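One structure is given below, encoded as C-alpha cells.
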Amino acid sequence: MGLAKTEMFTDLQNEISLISKAFSHPARVTILQYLFKTNSCVCGDLVNEIGLAQPTISQHLKELKQLGLIKGSVEGTSVCYCINHEKWATMKTVMSEFLDQDIPNKQDCC
C-alpha cells in the first residue's frame, strides 16, 4: 500500500485539500453551523443538539480542531469549543481564491 505523497504538491494545494476535508462529512458541517449559531463556547450540548453518539462527535471535533477551524478550552471536566475566527477568515480567503479561478476565464473551452 502506497503512502500519500503530499510532498509532491504545493503547500497551498495541501491546505486546500485539508480545508475541504472539514466539509466532507455532514456531521462536521452541522457542528460548525451549530457553533456559529450559538456564537459562544459550547461545552457538551453537541450530543443533544446533533443526535450523534459522544465518541462520534468527539472524533469530528478532533478533526476540526486539528484543522484549526475550532478552538477548545478545558473548563472543569469539560472541553468547550468555539469557532477560531482568525483561522476561519484565512480559510475563507484561501478557498475564495481557489473557487474564483474561473472568473477571468469565463469562456467555454469545450
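Naming scheme: A, B, ... for chains in displayed order of the C-alpha cells; residues 1 onward per chain; ligands 1 onward as shown.
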
Inset, instruction - Mind the document's chain letters and residue numbers, and return as a VMD selection string the residues of chain A that DSSP labels strand (DSSP E or B). - result: chain A and resid 42 70 to 75 78 to 83

Same residues, N, CA and C atoms, output as a compact mmCIF listing (two decimals), in the first residue's frame:
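Written out: selection_39.txt:
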```
# COMPACT_ATOMS: atom_id res chain seq x y z
N VAL A 42 -19.22 26.10 23.40
CA VAL A 42 -20.17 25.02 23.66
C VAL A 42 -19.46 23.94 24.44
N ILE A 70 -11.70 25.20 14.77
CA ILE A 70 -12.30 25.43 16.08
C ILE A 70 -11.21 25.43 17.14
N LYS A 71 -11.53 26.04 18.28
CA LYS A 71 -10.62 26.05 19.42
C LYS A 71 -11.32 25.33 20.57
N GLY A 72 -10.53 24.77 21.45
CA GLY A 72 -11.08 24.11 22.62
C GLY A 72 -10.36 24.55 23.87
N SER A 73 -11.13 24.74 24.94
CA SER A 73 -10.52 25.08 26.22
C SER A 73 -11.15 24.21 27.30
N VAL A 74 -10.35 23.82 28.27
CA VAL A 74 -10.83 22.96 29.35
C VAL A 74 -11.47 23.82 30.42
N GLU A 75 -12.70 23.46 30.78
CA GLU A 75 -13.42 24.13 31.87
C GLU A 75 -13.94 23.04 32.79
N SER A 78 -14.99 19.41 31.45
CA SER A 78 -15.46 19.51 30.06
C SER A 78 -14.48 20.28 29.19
N VAL A 79 -14.54 20.00 27.91
CA VAL A 79 -13.82 20.81 26.93
C VAL A 79 -14.88 21.63 26.20
N CYS A 80 -14.67 22.92 26.14
CA CYS A 80 -15.61 23.82 25.47
C CYS A 80 -15.02 24.23 24.13
N TYR A 81 -15.87 24.27 23.11
CA TYR A 81 -15.42 24.55 21.76
C TYR A 81 -16.08 25.79 21.20
N CYS A 82 -15.33 26.50 20.35
CA CYS A 82 -15.87 27.65 19.64
C CYS A 82 -15.11 27.79 18.32
N ILE A 83 -15.67 28.59 17.43
CA ILE A 83 -15.04 28.85 16.14
C ILE A 83 -13.75 29.64 16.34
```

Could you please write out, as a ChimeraX atom specification, every residue of chain A that DSSP assigns to helix (DSSP H, G or I)? /A:6-8,11-22,26-38,46-50,54-66,85-102

Shortest contact to A:Lys65, candidates A:Ile19, A:Thr38, A:Leu52, A:Ile103, atoms counted only C-alpha atoms, goes to A:Ile19

Problem set entry | Shell of 12 Å around A:Leu46, only C-alpha atoms, local chain residues under 3 positions omitted, as an MDAnalysis selection string | chainID A and resid 27:28 30:35 38 41:43 49:58 60:61 79:82

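Going from atom CA of A:Asn84 to atom CA of A:Asn39 covers 11.2 Å.
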
| request: Please provide as a ChimeraX atom specification all residues within 12 Å of A:Ala89, with the sequence filter that same-chain residues fewer than 6 positions apart are discarded (counting only C-alpha atoms). | output: /A:68-69,83,95-96
